[in-house]
Every structure is written in structure tokens, then in C-alpha cells.
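Novice: Handing you a structure now.
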Amino acid sequence: MVVLWALALALAAGLAAANPPNIVLIFADDLGYGDLGSYGHPSSTTPYLDQLAKGGLRFTDFYVPVSLCTPSRAALLTGRLPVRMGLYPGVLEPGSRGGLPLEEVTLAEVLAARGYLTGMAGKWHLGVGPEGAFLPPHQGFHRFLGIPYSHDQGPCQNTTCFPPTTPCDGICDQGRVPVPLLANLSVEAQPPWLPGLEAHYVAFARHLMADAQRQGRPFFLYYASHHTHYPQFSGQNFARRSGRGPFGDSLMELDAAVGALITALGDLGLLGETLVIFTADNGPETMRMSHGGCSGLLRCGKGTTFEGGVREPAVAFWPGHITPGVTHELASSLDLLPTLAALAGAPLPTVTLDGVDLSPLLLGTGKSPRQTLFFYPAYPDEIRGVFAVRSGKYKAHFFTQGSAHSDTTADPACHAASPLTAHEPPLLFDLSQDPGENYNLLGCAAQVTPEALQAVKQLELLKAQFDAAMTFSPSQMARGEDPALQVCCRPGCSPWPSCCHCPEPQP
């Protein structure tokens, strides 16, 4: 199967697209920089993703601005830092009153205005709101099939994660409604049968592609898989097959889903007309140990501003347009909206964008215009501003703080017990030589070079200018929660919330 798939990619490389490209944006969950075979993992079973990387442009220095689900997804879809739209601190809950403000312009809205058929499958996590006001159908997506937040934000102790009867690990969040699967604004199942969920999403994607082709219009598919977030799950074909435990089985199913999407494009003759981008929302949740991911040689993981939290695997694949290879240019998930808008010939929103157009880099006509990256913590504030700044090969940490998400690593700086610490002077690392952030260039005064002093002065200036210009919008999370906003398939039922139970039939 993998060999045939590779041949299809080779044939598609000779094709060209005269019209705006179809776009498939695949967003993994809690996937570490070191989790894929193409990024060095010795035992991950990811042949389709590895083939995608081989046939596309693989990024070594691709980042997200915040290493947490909600803010990272907001940045991806708007090209704006989450503090600009109030998506801080932490993440949205099932009963949150807030969400992605409707005045924000999403990538789906940009492309829909250009004539694209837009669809989303998977994890939303940008709010539900009254009558589903913040859900994808109100944010530019013509079609939606997915779960409105993380699949652990509801009880899972009686839920099957691996067929035939292996239960999910842990108990997840208690006192909430079972996790719902929505089709647009309607409850499809509550809870869904997790082992069959990825297959549902792939079928949804196939229908979207075929319908767009029949209608003679381009499509945008945002495929936000739940893999590899805890608790991991998979279908029968992957359970206990990866050799890397539940995490590996989940990753193996994600990899197969990517292969199925590429196969669907090939079956429709659309490979040469479709740009596929793969990346992830944040680094691995190492507190889960073997049930979490791997940062590779990078420091820490989810919830931190160290490299393991914010640097992600990323691949751009477009046969006949993107030359296969590896790039060390700086790039961010913030850059996808302006990049895809440029490729689609769509006008940009008339708001402040934090992303830049990477299309010259993708098409081989120029370099990335991005020179600087700013990183906020999961719980930011205007007084401290950004915690870390990268410019060129240098990165400075002005503040650091551990996270429970990054517990259990050998490095105590990653752990929740590591308090918020101001660094004066900042920690300074040369990421071209020390991507693991092990050797602070300002740690020993006798060995500080003039180049390091110049670099830290520049980074301090960048931070000061950026913080001074940034205005935080009022926090959406501070609007609090209303349990009545939780999605229920049986409104008004009792005893609540357990009565919200309309499970999907098991095969």
C-alpha cells in the first residue's frame, strides 16, 4: 500500500494547478517534535507521514506561539496572537461563556469568500457558547463533524478506547456531560464510539472533496485529529499493532488517516491541485510518560516556552509546486493564514496580523520573511509580556515556568514544581548549535562573547518594543462558565449531566 501511494505521489509531481489550490490542513494534537520517523523517532510507525515528508518540504524550525490547545488553535485559524482576541489564560471548558470572538476572521471565512467549500473534521476547542454561537458553522465552515473540545473533557471511565473492550486510561473530567460528537450544530452521538471516530472523519473528508469536485470549486479541509491527545484510542486495525503502546497505536491510526486522505485525493485526480500541510498544536504531554509523546532532543514539552513545547513537526506537500527537501527557515502556525490567502488569491482581513506570507519559501522563489518569534506562556499577563523571543539563531528566555503537562521528564525546569522565574540577564541559547537549550551563553561571565552580548541586547530591545505595542483583549476565559451551556443530546433531562447519554451504536 505504501509503495503504491509513493508511486501516486511521483505521478502527481508532473501535474500543475492553474486554479486556486485545494487545501488540506492536518493538525495533530499533543504531538512531539520527535514523535515521527521523519523527525528521528526510532520506533514510531508513521510510513505515510514519512513519505509525505520525503515528497514535500519538511520544516526543522516551525513553531506555535503558545504551547496549549485553545490558544494554539486560535492562532492557526486567525494568524493572530491569542492575547489579541482574549483567548487566555489556559483553555476553554465545555461550559465556557467565552469563545473565539465572532468578529475575528478565520482562515475558513477568508477562503469561503474566495469560493471555497470549507469543512472541518475533528477537535474544535474554540468555544461552544449559547446555541452553539462559537462553533465552526458560525466561523466560516460550511460543514463540521467533530467534538467541540478535548475528548478528555468529560467522563471516560466507562468508555472503550481500543476494541473490542479495552477501556480508556484514567477517568478524565468528572461532573460534566459525556463528550458529544456534533454534525454541524446537531448532536450525532454522546458519547461517540471512539475506535470508529477517525474512520468517520476520513469518510467526511472524502465526501467534502468529492462534492467540491462535482461543484467545480476548490475546497478547504481542516482536519484536526484528536490523535495523539490523552486518552489515546484507535480502531481495530491499529490496536496493539504499533509496538509503542497506546500512544503508538493512536499515532499509527493518525498516520493511516493521512495516507487515506492522500489516497482519496489521488482517486479523484486532485493530488497535483492540492496543497497538504501537516503540523501540530503543541509539544507532548510528557506527564503521561509512555502515554505521552516525545520532544526528541528538545527541552520540556506542552505548557512551557522551551523548545519542546513550541517547536513542532511540519510538512508542506504540493506535487509539481513544492520542491521536496528540508528547510531551516523560521516559520510559525501564525503564517498559514496569510500564506494560504496569497496562494488562493484571497484578500487579507483588515486587522493586525502576526503572520507573514511564506508562499515564496514554499514555491522556491524566495526565503521566509520571518526573522523573529515571540512566545507567550499558557497564563500570560501584560506586565511580564512575552516569556521568550527568538531572532535568527538566538533565543532568550526572560521568564520561565514549569508545567504539570511536562512533569516526569528528567529536567526539573520542566515540572510544575518549577516556579515562575524572572531571568536578568535572560537565558540565552544558540539554537543552531544547541537546540536542546542546554548551554546558557550568559551563564559564565568569563566566557561571554561579544556576539552573545550583541544578541541579547537585540533580543531585549525586540521584547521591549513588542510588549509596548501589544494590547491584550479582555479574557474570554474570565467570562466564566455556565453548566447549562454544555451540549446535551437530551435538553432538560435528569439526572444531569449523566442523562445526556445518546451513545453511538457499537459495530
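Ligands are numbered from 1 in the order shown, chains are lettered A, B, ... in the order of the C-alpha cells, and residues start at 1 in each chain.
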List every residue of region 233-396 of chain A that DSSP, applied to the backbone of this structure, assigns to strand (DSSP E or B), and report them as a ChimeraX atom specification.

Specialist: /A:274-280,311-317,325-327,331-332,372-375,388-391,394-396

Novice: Would you output that residue set with N, CA and C atoms, as a PDB file, in the first residue's frame?

Specialist:
ATOM      1  N   THR A 274      -3.707  20.113  -5.064  1.00  0.00           N
ATOM      2  CA  THR A 274      -3.999  20.222  -3.639  1.00  0.00           C
ATOM      3  C   THR A 274      -2.734  20.424  -2.820  1.00  0.00           C
ATOM      4  N   LEU A 275      -2.736  21.454  -1.993  1.00  0.00           N
ATOM      5  CA  LEU A 275      -1.677  21.709  -1.024  1.00  0.00           C
ATOM      6  C   LEU A 275      -2.055  21.042   0.291  1.00  0.00           C
ATOM      7  N   VAL A 276      -1.176  20.177   0.792  1.00  0.00           N
ATOM      8  CA  VAL A 276      -1.392  19.491   2.064  1.00  0.00           C
ATOM      9  C   VAL A 276      -0.371  20.003   3.064  1.00  0.00           C
ATOM     10  N   ILE A 277      -0.848  20.438   4.210  1.00  0.00           N
ATOM     11  CA  ILE A 277       0.040  20.904   5.282  1.00  0.00           C
ATOM     12  C   ILE A 277      -0.247  20.079   6.523  1.00  0.00           C
ATOM     13  N   PHE A 278       0.815  19.604   7.132  1.00  0.00           N
ATOM     14  CA  PHE A 278       0.693  18.834   8.375  1.00  0.00           C
ATOM     15  C   PHE A 278       1.520  19.503   9.458  1.00  0.00           C
ATOM     16  N   THR A 279       0.916  19.699  10.635  1.00  0.00           N
ATOM     17  CA  THR A 279       1.658  20.145  11.809  1.00  0.00           C
ATOM     18  C   THR A 279       0.842  19.786  13.056  1.00  0.00           C
ATOM     19  N   ALA A 280       1.176  20.384  14.200  1.00  0.00           N
ATOM     20  CA  ALA A 280       0.508  20.037  15.459  1.00  0.00           C
ATOM     21  C   ALA A 280       0.359  21.261  16.337  1.00  0.00           C
ATOM     22  N   ARG A 311       8.129  24.100  19.461  1.00  0.00           N
ATOM     23  CA  ARG A 311       8.612  23.730  18.126  1.00  0.00           C
ATOM     24  C   ARG A 311       7.918  22.441  17.695  1.00  0.00           C
ATOM     25  N   GLU A 312       7.379  22.449  16.477  1.00  0.00           N
ATOM     26  CA  GLU A 312       6.532  21.347  16.023  1.00  0.00           C
ATOM     27  C   GLU A 312       7.027  20.749  14.711  1.00  0.00           C
ATOM     28  N   PRO A 313       6.743  19.465  14.490  1.00  0.00           N
ATOM     29  CA  PRO A 313       6.957  18.914  13.147  1.00  0.00           C
ATOM     30  C   PRO A 313       6.012  19.596  12.170  1.00  0.00           C
ATOM     31  N   ALA A 314       6.468  19.823  10.944  1.00  0.00           N
ATOM     32  CA  ALA A 314       5.612  20.462   9.938  1.00  0.00           C
ATOM     33  C   ALA A 314       6.096  20.079   8.549  1.00  0.00           C
ATOM     34  N   VAL A 315       5.134  19.796   7.679  1.00  0.00           N
ATOM     35  CA  VAL A 315       5.423  19.417   6.298  1.00  0.00           C
ATOM     36  C   VAL A 315       4.439  20.127   5.380  1.00  0.00           C
ATOM     37  N   ALA A 316       4.940  20.655   4.265  1.00  0.00           N
ATOM     38  CA  ALA A 316       4.094  21.218   3.209  1.00  0.00           C
ATOM     39  C   ALA A 316       4.306  20.394   1.946  1.00  0.00           C
ATOM     40  N   PHE A 317       3.220  19.896   1.380  1.00  0.00           N
ATOM     41  CA  PHE A 317       3.297  18.956   0.256  1.00  0.00           C
ATOM     42  C   PHE A 317       2.360  19.414  -0.850  1.00  0.00           C
ATOM     43  N   GLY A 325      12.304  18.614   0.005  1.00  0.00           N
ATOM     44  CA  GLY A 325      13.541  18.991   0.670  1.00  0.00           C
ATOM     45  C   GLY A 325      13.314  19.313   2.129  1.00  0.00           C
ATOM     46  N   VAL A 326      14.313  19.914   2.739  1.00  0.00           N
ATOM     47  CA  VAL A 326      14.274  20.306   4.150  1.00  0.00           C
ATOM     48  C   VAL A 326      14.628  21.784   4.238  1.00  0.00           C
ATOM     49  N   THR A 327      13.868  22.537   5.015  1.00  0.00           N
ATOM     50  CA  THR A 327      14.174  23.944   5.217  1.00  0.00           C
ATOM     51  C   THR A 327      14.435  24.239   6.684  1.00  0.00           C
ATOM     52  N   ALA A 331       9.478  29.608  10.698  1.00  0.00           N
ATOM     53  CA  ALA A 331       8.075  29.636  10.283  1.00  0.00           C
ATOM     54  C   ALA A 331       7.200  29.399  11.502  1.00  0.00           C
ATOM     55  N   SER A 332       5.945  29.814  11.406  1.00  0.00           N
ATOM     56  CA  SER A 332       5.010  29.705  12.522  1.00  0.00           C
ATOM     57  C   SER A 332       3.624  29.341  12.008  1.00  0.00           C
ATOM     58  N   THR A 372      11.734  36.736  13.426  1.00  0.00           N
ATOM     59  CA  THR A 372      11.545  36.802  14.874  1.00  0.00           C
ATOM     60  C   THR A 372      10.288  36.039  15.282  1.00  0.00           C
ATOM     61  N   LEU A 373      10.356  35.419  16.446  1.00  0.00           N
ATOM     62  CA  LEU A 373       9.218  34.710  17.030  1.00  0.00           C
ATOM     63  C   LEU A 373       9.080  35.116  18.494  1.00  0.00           C
ATOM     64  N   PHE A 374       7.829  35.328  18.930  1.00  0.00           N
ATOM     65  CA  PHE A 374       7.540  35.702  20.310  1.00  0.00           C
ATOM     66  C   PHE A 374       6.674  34.617  20.938  1.00  0.00           C
ATOM     67  N   PHE A 375       7.015  34.236  22.166  1.00  0.00           N
ATOM     68  CA  PHE A 375       6.326  33.122  22.817  1.00  0.00           C
ATOM     69  C   PHE A 375       5.698  33.564  24.137  1.00  0.00           C
ATOM     70  N   ALA A 388       9.561  34.527  26.051  1.00  0.00           N
ATOM     71  CA  ALA A 388      10.757  34.184  25.280  1.00  0.00           C
ATOM     72  C   ALA A 388      10.666  34.798  23.889  1.00  0.00           C
ATOM     73  N   VAL A 389      11.832  35.085  23.324  1.00  0.00           N
ATOM     74  CA  VAL A 389      11.926  35.658  21.985  1.00  0.00           C
ATOM     75  C   VAL A 389      13.021  34.923  21.230  1.00  0.00           C
ATOM     76  N   ARG A 390      12.727  34.551  19.979  1.00  0.00           N
ATOM     77  CA  ARG A 390      13.759  34.023  19.099  1.00  0.00           C
ATOM     78  C   ARG A 390      13.963  34.990  17.940  1.00  0.00           C
ATOM     79  N   SER A 391      15.214  35.300  17.649  1.00  0.00           N
ATOM     80  CA  SER A 391      15.568  36.098  16.480  1.00  0.00           C
ATOM     81  C   SER A 391      16.761  35.433  15.818  1.00  0.00           C
ATOM     82  N   TYR A 394      19.296  32.854  17.679  1.00  0.00           N
ATOM     83  CA  TYR A 394      19.338  33.057  19.129  1.00  0.00           C
ATOM     84  C   TYR A 394      17.939  33.094  19.742  1.00  0.00           C
ATOM     85  N   LYS A 395      17.831  32.547  20.937  1.00  0.00           N
ATOM     86  CA  LYS A 395      16.585  32.601  21.695  1.00  0.00           C
ATOM     87  C   LYS A 395      16.893  33.003  23.128  1.00  0.00           C
ATOM     88  N   ALA A 396      16.113  33.951  23.638  1.00  0.00           N
ATOM     89  CA  ALA A 396      16.274  34.415  25.016  1.00  0.00           C
ATOM     90  C   ALA A 396      15.016  34.104  25.807  1.00  0.00           C
TER      91      ALA A 396
END

Novice: Could you list, as an MDAnalysis selection string, every residue within 8 Å of Leu348 (chain A), counting only C-alpha atoms and ignoring same-chain residues fewer than 4 positions away?

Specialist: chainID A and resid 110 338 341

Novice: Using only C-alpha atoms, which residues sit within 9 Å of region 97-107 of chain A once same-chain residues fewer than 6 positions away are excluded, as a PyMOL selection string?

Specialist: chain A and resi 74+76-79+85-87+125-130+133-135+138-140+336-338+340-341+349+351+475-482+485

Novice: So how many Å separate CA of Ser150 (chain A) and CA of Ala205 (chain A), to one decimal?

Specialist: 20.2 Å

Novice: Applying 12 Å and only C-alpha atoms, which residues near Ala416 (chain A) remain after dropping the ones on its own chain fewer than 5 positions away? List them as JSON, numbers by chain.

Specialist: {"A": [286, 287, 300, 301, 302, 303, 304, 400, 401, 402, 403, 404, 405, 406, 407, 408, 409, 411]}

Novice: With distances taken over only C-alpha atoms, which of A:Pro505, A:Leu431, A:Lys393, A:Gln232 is nearest to Ala455 (chain A)?

Specialist: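 Selected residue with least distance to Ala455 (chain A): A:Lys393.
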
Novice: Going by DSSP on the backbone, which residues of region 186-346 of chain A come out as alpha helix (DSSP H)? List them as JSON, numbers by chain.

Specialist: {"A": [197, 198, 199, 200, 201, 202, 203, 204, 205, 206, 207, 208, 209, 210, 211, 212, 213, 214, 215, 245, 246, 247, 248, 249, 250, 251, 252, 253, 254, 255, 256, 257, 258, 259, 260, 261, 262, 263, 264, 265, 266, 267, 307, 308, 309, 310, 336, 337, 338, 339, 340, 341, 342, 343, 344]}

Novice: With only C-alpha atoms as the basis for distance, which of A:Ser242, A:Pro82, A:Asp61, A:Gly132 is at the shortest distance from Ser368 (chain A)?

Specialist: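 Going through A:Ser242, A:Pro82, A:Asp61, A:Gly132 one by one, the smallest distance to Ser368 (chain A) is for A:Asp61.
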